[in-house]
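J.: Pasting in a structure now, in structure tokens, and then I'll have a few things to ask.
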Amino acid sequence: MSEIVTETSNNGIQNSEPIVRYQKVSKSFGDIEVIKELDLDVAPAEKIGIIGPSGSGKTTLIRMLMTLEKPTSGTIEVDGELLWHKRVNGNLVPADEKHLRRVRSKVGMIFQQFNLFPHMTVLRNVTEAPIHVLGLSREEAEERAITMLEKVGLKDKLDHYPRQLSGGQQQRVAIARALVMNPKIMLFDEVTSALDPELVEEVLAVIKEIALEGNMTMLLVTHEMQFAREIADRIVFISDGRIIEQGPPEEIFENPKHERTRNFLRRFNKNN
Amino acid sequence: MPFLLKGVVVTIELTIMAAVLAFIMAFIAGFARLSKFAIVRGITQVYVEIFRGTSLLVQLFWVYFVLPFFGIELSAMMTGVLVLGLNYGAYASEVIRSSILAIPKGQTEAGIALNMSPSLIMKRIILPQALLIMLPPLGNYLIELIKSTALVLLITLHDLMFCGTMINNVTMRTTEIYSLVLIIYFLLAYPLTLAIRRLEKRLSAGRL
Amino acid sequence: MWDWEFTISILPLLLEGLKITLIATFLAFGFAVVIGFLLAIARRSSVKILSLPVKAFIEFVRSTPLLAQLFFIFYVFPKFGLVLTPLVAGVLGLGLHYSTYLSEVYRSGIDSIPRGQWEAAKALNFSKARTWISIIIPQAVPPIIPVMGNYLIGMFKDTPVLSAITLVELLQTAKIIGAQSFRYLEPITMVGVIFLILSYVSSLGVQWLELRLNQR
Ligand SMILES: Nc1ncnc2c1ncn2[C@@H]1O[C@H](COP(=O)(O)OP(=O)(O)OP(=O)(O)O)[C@@H](O)[C@H]1O
Ligand SMILES: [Mg+2]
């Protein structure tokens with residue numbers, strides 16, 4: 001029944017072709033199924049907040065889109081193309097590395113632990129991929145990198161190494177590093193949960209700014225409910241590998257229909 | 001083949017005797033390097049550096065060919081035991097030393113708080129813990145020692161390597177002989193490797 | 001007892017032998033560095049028919065004496081038509097022997113790179129080769145340089161074994177001098193002294209390197 005909600009709650013963007021489409025996607029680790037025949041459509045430029053209890057499969061869901069985990073079954077489409085498969089004579093065959101790399105170029109990701117390259121300066125962290133993946137010249141890459149670093153407020157840290165930066169600054173570099181590749185879809189996996197509380201705000205502000213620019217599709221796994229409410233077009237509540245409920249933030253936060261959503265939000269509010 | 005087996009026996013004898021000597025030397029030198037007397041530490045340091053710095057084979061030659069010059073004539077077997085023992089003792093002394101140092105200071109302090117004597121603290125508290133840490137690296141040296149016994153052939157001890165070479169000279173079935181020699185060494189050393197790995201796993205899992 | 005005049009007269013010969021020792025050491029080290037890397041990569045491969053034989057090869061070579069391997073290369077290979085000079089056989093044997101040790105060193109270096117680094121590289125769409133060149137190798141190599149330095153010294157100290165396959169390196173030179181002059185004391189002692197000085201100085205170098213790398 002949760003799927004029924006999908007079509008009606010896309011607040012106006014539901015008419016265009018989805019840019020991301022999960023169809024009957026399942027994922028098991030060993031014997032444990034952590035994503036269960038999940039369907040999800042994401043419209044271009046849509047901002048989706050993914051919430052749910054710990055271990056419910058939120059991270060796994062977006063890692064499959066980044067090609068960091070391979071679905072056990074089902075298909076994922078990105079921008080009209082199958083991600084993990086290729087169609088050969090009408091049959092689905094596993095995609096090769098070339099195909100994966102082409103489709104992957106449309107997706108970027110920010111990690112909980114930043115994952116900056118510790119042996120490179122801030123500037124090189126941001127220029128390495130444009131130069132070696134997009135094939136830009138060094139000047140062009142640096143120009144773009146500096147623009148992005150300015151946007152995240154770190155233009156004065158170009159020659160610093162990651163360990164010389166605070167967690168909040170590191171995460172902002174990671175955002176610039178992902179942005180400079182100009183992906184259509186950006187994934188955020190609890191990007192503030194490794195940060196000291198006083199550093200959370202500066203990172204959220206940067207993400208909010210990107211969200212307000214409008215044209216990037218964003219999937220954000222987050223425990224920052226207030227933040228999710230402010231920037232998301234739709235909230236998806238996941239529990240136990242399934243979408244239990246989804247809809248506009250006001251609806252989910254103020255008037256959740258499902259018992260499990262209510263429980264989750266109640267417990268969450270109590271703890272915070 | 002029986003000839004080769006006789007070689008195996010010599011190799012094993014040599015390994016065991018050299019290992020015992022190495023173990024004793026490692027303990028003496030390991031403790032001596034922790035001594036509070038600078039002179040003791042200095043002498044031990046010289047012993048360790050000499051045996052680690054001058055190649056093992058050179059040491060074998062020196063004892064076998066140069067010592068007679070001073071009136072000390074040792075059999076090939078004795079030379080092998082002495083040199084391998086002193087050489088590996090020097091290497092392994094570092095293991096002993098660092099394992100003892102690896103035991104947290106709090107352990108000694110707890111012993112003092114219980115009014116134990118220093119030697120009692122060493123015997124009942126430090127050593128039992130340090131021994132566990134030492135076992136895997138000492139085991140690895142034992143494997144290296146087994147392999148090194150082959151070098152004693154070069155001062156004409158009738159060990160496995162020598163017997164292989166002899167048979168080869170007589171029968172000229174080079175491929176079979178040398179392959180067999182390699183396999184026998186493998187069979188001697190590899191079970192030890194596996195045992196040490198198991199030990200390491202159990203130690204790191206904290207189950208010993 | 002110790003004859004200084006004799007010592008000085010044989011010094012040029014010994015230095016000539018030392019030259020061969022050093023050549024063999026560095027050639028074998030270069031060989032081991034490259035082959036060890038290939039072994040480490042193959043060992044990590046998910047293709048089982050590649051990784052399993054490579055694993056077996058590494059275990060076997062590590063569990064058998066260098067001397068036996070040298071004899072095998074020097075005396076058995078010719079039976080299959082591959083006749084090698086003592087130097088080539090020695091470099092091959094010594095290099096192969098240590099490549100298995102270096103492959104383990106590489107493996108530990110590679111394994112110490114956090115998974116997040118691989119994932120970030122993937123999220124930025126790096127190719128496999130680029131991930132190795134830009135991300136993995138630059139982080140994996142500096143910590144293992146001192147370890148590699150110690151293996152270089154270890155190889156240097158193992159070169160006398162090559163005298164067994166008739167390579168006239170430092171020890172063999174000393175033996176020849178001894179046999180001709182009936183004086184073993186000076187030549188063999190000098191060989192020991194030369195080894196001691198060179199390996200002691202280089203191990204100080206490695207310690208210095210380690211200190212500097214730790215500071216970074
Ligand atoms: N590589 C893996 N191997 C085995 N199990 C895994 C792996 N990754 C995730 N899991 C399991 O899959 C389940 C879902 O994990 P996932 O990380 O997607 O949850 P999550 O919703 O992101 O939780 P959290 O809020 O704690 O981050 C968990 O039970 C987790 O233990
Ligand atoms: Mg998660």
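Naming works like this for the structure tokens: A, B, ... for the chains as they're shown, residue 1 at the start of each chain, ligands 1 onward in shown order.
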Range 16-24 of chain B: which residues within 12 Å, counting only C-alpha atoms, same-chain residues fewer than 6 positions away excluded, as a PyMOL selection string?
T.: chain B and resi 9-10+30-31+51+77-96+134-135+138-146+148-149+152
J.: Mind listing the residues within 9 Å of ligand 2, only C-alpha atoms and all ligand atoms counted, as a list in words?
T.: Ser54, Gly55, Ser56, Gly57, Lys58, Thr59, Thr60, Gln112, Asp189, Glu190, Val221 and Thr222 of chain A
J.: Just list the residues in range 13-212 of chain A DSSP gives helix (DSSP H, G or I) on the backbone, as a ChimeraX atom specification.
T.: /A:58-65,97-104,122-134,138-151,155-157,162-164,167-179,197-212
J.: Considering only strand (DSSP E or B) as DSSP defines it on the backbone, what residues of range 14-144 of chain A qualify? List them as an MDAnalysis selection string.
T.: chainID A and resid 20:29 32:42 47:51 73:78 81:82 85:88 91:94 107:110
J.: Grab the residues selected above and save them as a PDB file, in the first residue's frame with C-alpha atoms.
T.:
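What follows is the written file again21.pdb:
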```pdb
ATOM      1  CA  VAL A  20      16.178   7.405 -11.085  1.00  0.00           C
ATOM      2  CA  ARG A  21      14.007   4.335 -11.028  1.00  0.00           C
ATOM      3  CA  TYR A  22      14.428   1.389  -8.671  1.00  0.00           C
ATOM      4  CA  GLN A  23      12.344  -1.589  -9.766  1.00  0.00           C
ATOM      5  CA  LYS A  24      11.885  -4.580  -7.500  1.00  0.00           C
ATOM      6  CA  VAL A  25      15.394  -4.085  -6.156  1.00  0.00           C
ATOM      7  CA  SER A  26      16.557  -6.552  -3.522  1.00  0.00           C
ATOM      8  CA  LYS A  27      19.908  -6.785  -1.826  1.00  0.00           C
ATOM      9  CA  SER A  28      21.185  -9.527   0.450  1.00  0.00           C
ATOM     10  CA  PHE A  29      24.369  -9.763   2.441  1.00  0.00           C
ATOM     11  CA  ILE A  32      20.222 -11.481   5.276  1.00  0.00           C
ATOM     12  CA  GLU A  33      18.013  -9.526   2.907  1.00  0.00           C
ATOM     13  CA  VAL A  34      18.461  -5.853   3.731  1.00  0.00           C
ATOM     14  CA  ILE A  35      16.528  -4.364   0.770  1.00  0.00           C
ATOM     15  CA  LYS A  36      13.338  -6.127  -0.201  1.00  0.00           C
ATOM     16  CA  GLU A  37      11.805  -5.718  -3.678  1.00  0.00           C
ATOM     17  CA  LEU A  38      11.942  -1.993  -3.357  1.00  0.00           C
ATOM     18  CA  ASP A  39      10.435   0.380  -5.938  1.00  0.00           C
ATOM     19  CA  LEU A  40      11.287   4.054  -6.026  1.00  0.00           C
ATOM     20  CA  ASP A  41      11.016   6.736  -8.698  1.00  0.00           C
ATOM     21  CA  VAL A  42      12.831  10.010  -8.418  1.00  0.00           C
ATOM     22  CA  LYS A  47      15.115  16.416  -3.372  1.00  0.00           C
ATOM     23  CA  ILE A  48      14.391  13.273  -1.424  1.00  0.00           C
ATOM     24  CA  GLY A  49      14.994  12.888   2.280  1.00  0.00           C
ATOM     25  CA  ILE A  50      15.463   9.254   3.280  1.00  0.00           C
ATOM     26  CA  ILE A  51      14.793   8.509   6.943  1.00  0.00           C
ATOM     27  CA  SER A  73      17.947  -8.727  -8.053  1.00  0.00           C
ATOM     28  CA  GLY A  74      15.862  -6.041  -9.710  1.00  0.00           C
ATOM     29  CA  THR A  75      16.941  -3.136 -11.880  1.00  0.00           C
ATOM     30  CA  ILE A  76      17.984   0.439 -11.343  1.00  0.00           C
ATOM     31  CA  GLU A  77      17.645   3.010 -14.112  1.00  0.00           C
ATOM     32  CA  VAL A  78      19.524   6.272 -14.221  1.00  0.00           C
ATOM     33  CA  GLU A  81      19.555   3.887 -18.850  1.00  0.00           C
ATOM     34  CA  LEU A  82      19.935   0.674 -16.918  1.00  0.00           C
ATOM     35  CA  HIS A  85      22.638  -4.186 -16.725  1.00  0.00           C
ATOM     36  CA  LYS A  86      22.802  -3.885 -20.448  1.00  0.00           C
ATOM     37  CA  ARG A  87      20.112  -4.967 -22.842  1.00  0.00           C
ATOM     38  CA  VAL A  88      21.480  -7.392 -25.420  1.00  0.00           C
ATOM     39  CA  ASN A  91      17.904  -9.860 -22.596  1.00  0.00           C
ATOM     40  CA  LEU A  92      19.383  -8.274 -19.524  1.00  0.00           C
ATOM     41  CA  VAL A  93      23.070  -9.029 -19.098  1.00  0.00           C
ATOM     42  CA  PRO A  94      25.373  -7.689 -16.390  1.00  0.00           C
ATOM     43  CA  VAL A 107      26.008  10.266 -10.013  1.00  0.00           C
ATOM     44  CA  GLY A 108      28.095  11.735  -7.214  1.00  0.00           C
ATOM     45  CA  MET A 109      28.249  10.980  -3.529  1.00  0.00           C
ATOM     46  CA  ILE A 110      29.206  12.568  -0.229  1.00  0.00           C
TER      47      ILE A 110
END
```
J.: With 10 Å as the cut-off and only C-alpha atoms counted, what is the closest atom pair between each nearby residue of range 34-125 of chain A and range 134-140 of chain C? Distances in Å to one decimal, ordered by chain and number, as a tab-separated table.
T.:
```
residue	atom	partner	partner_atom	distance
A:Phe117	CA	C:Ile135	CA	7.1
A:Pro118	CA	C:Gln139	CA	8.2
A:His119	CA	C:Gln139	CA	6.6
A:Met120	CA	C:Ile135	CA	9.1
```
J.: Report as a tab-separated table the residues of chain C within 7 Å of chain B, each with its shortest atom pair and distance in Å (one decimal), using only C-alpha atoms, ordered by chain and increasing residue number.
T.:
```
residue	atom	partner	partner_atom	distance
C:Phe60	CA	B:Phe186	CA	6.5
C:Ser63	CA	B:Phe186	CA	5.3
C:Thr64	CA	B:Phe186	CA	5.4
C:Pro65	CA	B:Lys147	CA	4.5
C:Leu67	CA	B:Ala150	CA	6.7
C:Ala68	CA	B:Leu182	CA	6.3
C:Phe72	CA	B:Tyr178	CA	5.8
C:Tyr75	CA	B:Thr174	CA	6.9
C:Val76	CA	B:Thr175	CA	5.3
C:Lys157	CA	B:Ser55	CA	4.7
C:Asp158	CA	B:Ser55	CA	6.7
C:Pro160	CA	B:Leu57	CA	6.4
C:Val161	CA	B:Leu57	CA	6.8
C:Leu171	CA	B:Val58	CA	6.9
C:Tyr184	CA	B:Val66	CA	5.7
C:Leu185	CA	B:Val66	CA	5.0
C:Ile188	CA	B:Trp62	CA	6.1
C:Thr189	CA	B:Trp62	CA	6.9
C:Gly192	CA	B:Thr54	CA	5.1
C:Phe195	CA	B:Thr54	CA	5.0
C:Leu196	CA	B:Gly53	CA	4.4
C:Ser199	CA	B:Gly53	CA	5.6
C:Tyr200	CA	B:Gly53	CA	6.1
```
J.: Residues of chain A within 9 Å of chain C, using only C-alpha atoms, as a ChimeraX atom specification?
T.: /A:66-68,101-102,104-105,107-111,113-119,128-130,132-133,177-178,181
J.: Could those residues be written to a file, using N, CA, C and O atoms, as a short mmCIF file (atom, residue, chain, number, x, y, z; two decimals), in the first residue's frame?
T.:
```cif
data_model
loop_
_atom_site.label_atom_id
_atom_site.label_comp_id
_atom_site.auth_asym_id
_atom_site.auth_seq_id
_atom_site.Cartn_x
_atom_site.Cartn_y
_atom_site.Cartn_z
N MET A 66 25.27 4.32 -6.38
CA MET A 66 26.64 4.78 -6.64
C MET A 66 27.51 3.65 -7.18
O MET A 66 28.70 3.82 -7.38
N THR A 67 26.90 2.49 -7.37
CA THR A 67 27.58 1.26 -7.81
C THR A 67 28.60 0.75 -6.80
O THR A 67 29.55 0.05 -7.16
N LEU A 68 28.41 1.10 -5.54
CA LEU A 68 29.30 0.56 -4.51
C LEU A 68 28.81 -0.79 -3.99
O LEU A 68 29.57 -1.56 -3.42
N ARG A 101 30.96 2.82 -15.96
CA ARG A 101 31.62 4.11 -15.83
C ARG A 101 30.83 5.21 -16.52
O ARG A 101 30.78 6.34 -16.04
N ARG A 102 30.20 4.88 -17.65
CA ARG A 102 29.45 5.92 -18.35
C ARG A 102 28.25 6.36 -17.51
O ARG A 102 28.02 7.55 -17.30
N ARG A 104 27.74 5.84 -14.33
CA ARG A 104 28.18 6.34 -13.03
C ARG A 104 28.53 7.83 -13.07
O ARG A 104 28.44 8.53 -12.07
N SER A 105 28.93 8.29 -14.25
CA SER A 105 29.36 9.69 -14.35
C SER A 105 28.21 10.64 -14.03
O SER A 105 28.43 11.82 -13.81
N VAL A 107 26.29 10.33 -11.44
CA VAL A 107 26.01 10.27 -10.01
C VAL A 107 27.24 10.68 -9.21
O VAL A 107 28.36 10.37 -9.58
N GLY A 108 27.00 11.39 -8.13
CA GLY A 108 28.10 11.73 -7.21
C GLY A 108 27.66 11.41 -5.80
O GLY A 108 26.47 11.22 -5.54
N MET A 109 28.62 11.36 -4.89
CA MET A 109 28.25 10.98 -3.53
C MET A 109 29.12 11.68 -2.48
O MET A 109 30.32 11.86 -2.69
N ILE A 110 28.48 12.04 -1.39
CA ILE A 110 29.21 12.57 -0.23
C ILE A 110 29.08 11.53 0.89
O ILE A 110 28.00 11.03 1.15
N PHE A 111 30.23 11.23 1.52
CA PHE A 111 30.26 10.14 2.49
C PHE A 111 30.22 10.67 3.92
O PHE A 111 30.66 11.79 4.20
N GLN A 113 32.14 9.70 6.28
CA GLN A 113 33.51 9.89 6.78
C GLN A 113 34.36 10.74 5.84
O GLN A 113 35.58 10.63 5.84
N PHE A 114 33.75 11.53 5.01
CA PHE A 114 34.40 12.45 4.06
C PHE A 114 35.20 11.73 2.96
O PHE A 114 35.07 12.05 1.80
N ASN A 115 36.08 10.80 3.39
CA ASN A 115 36.92 10.08 2.43
C ASN A 115 37.73 10.99 1.53
O ASN A 115 37.88 10.73 0.34
N LEU A 116 38.24 12.08 2.07
CA LEU A 116 39.17 12.89 1.28
C LEU A 116 40.46 12.10 1.08
O LEU A 116 40.75 11.18 1.84
N PHE A 117 41.23 12.49 0.08
CA PHE A 117 42.52 11.83 -0.17
C PHE A 117 43.57 12.52 0.70
O PHE A 117 43.92 13.67 0.44
N PRO A 118 44.08 11.83 1.73
CA PRO A 118 44.92 12.51 2.72
C PRO A 118 46.27 12.96 2.18
O PRO A 118 46.89 13.83 2.76
N HIS A 119 46.69 12.37 1.06
CA HIS A 119 48.02 12.71 0.54
C HIS A 119 47.96 13.84 -0.46
O HIS A 119 48.96 14.16 -1.10
N GLU A 128 41.78 16.44 -9.12
CA GLU A 128 42.28 15.15 -9.61
C GLU A 128 41.29 14.47 -10.58
O GLU A 128 41.68 14.02 -11.65
N ALA A 129 40.03 14.41 -10.18
CA ALA A 129 39.06 13.74 -11.04
C ALA A 129 38.75 14.53 -12.32
O ALA A 129 38.73 13.94 -13.40
N PRO A 130 38.53 15.84 -12.24
CA PRO A 130 38.30 16.57 -13.50
C PRO A 130 39.43 16.37 -14.50
O PRO A 130 39.19 16.20 -15.70
N HIS A 132 41.74 13.78 -14.62
CA HIS A 132 42.00 12.41 -15.08
C HIS A 132 40.76 11.65 -15.50
O HIS A 132 40.86 10.61 -16.14
N VAL A 133 39.58 12.15 -15.12
CA VAL A 133 38.37 11.45 -15.54
C VAL A 133 37.67 12.23 -16.66
O VAL A 133 37.32 11.66 -17.68
N ARG A 177 34.45 18.65 -4.13
CA ARG A 177 35.06 17.62 -4.96
C ARG A 177 34.00 16.87 -5.77
O ARG A 177 34.22 16.52 -6.94
N ALA A 178 32.85 16.62 -5.16
CA ALA A 178 31.79 15.92 -5.88
C ALA A 178 31.10 16.87 -6.87
O ALA A 178 30.79 16.49 -8.00
N MET A 181 32.47 17.61 -10.50
CA MET A 181 32.24 16.62 -11.55
C MET A 181 30.89 16.82 -12.23
O MET A 181 30.55 16.11 -13.17
#
```
J.: Report, in Å to a single decimal, how far apart atom 16 (P, counted along the ligand's line) of ligand 1 and CA of Ala228 in chain A are.
T.: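 According to the coordinates, CA of Ala228 in chain A and atom 16 (P, counted along the ligand's line) of ligand 1 are separated by 18.9 Å.
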J.: When you count only C-alpha atoms, which of these residues is closest to Lys201 in chain B: B:Ile126, B:Glu109, B:Cys163, B:Pro136?
T.: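 So, comparing all the options, the nearest one is B:Pro136.
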J.: What lies within 12 Å of Lys208 in chain A using only C-alpha atoms, ignoring chain neighbours under 2 positions off, as a VMD selection string?
T.: chain A and resid 47 151 to 152 175 201 to 206 210 to 214 216 218 220 227 to 232
J.: Report, in Å with one decimal, the straight-line distance from CA of Gly95 in chain C to CA of Leu39 in chain C.
T.: 12.6 Å
J.: Given the choices B:Leu160, B:Ile125, B:Leu101, B:Ala38, which gets closest to Leu14 in chain B if the distance is worked out from only C-alpha atoms?
T.: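 Among the listed residues, the smallest separation from Leu14 in chain B belongs to B:Leu160.
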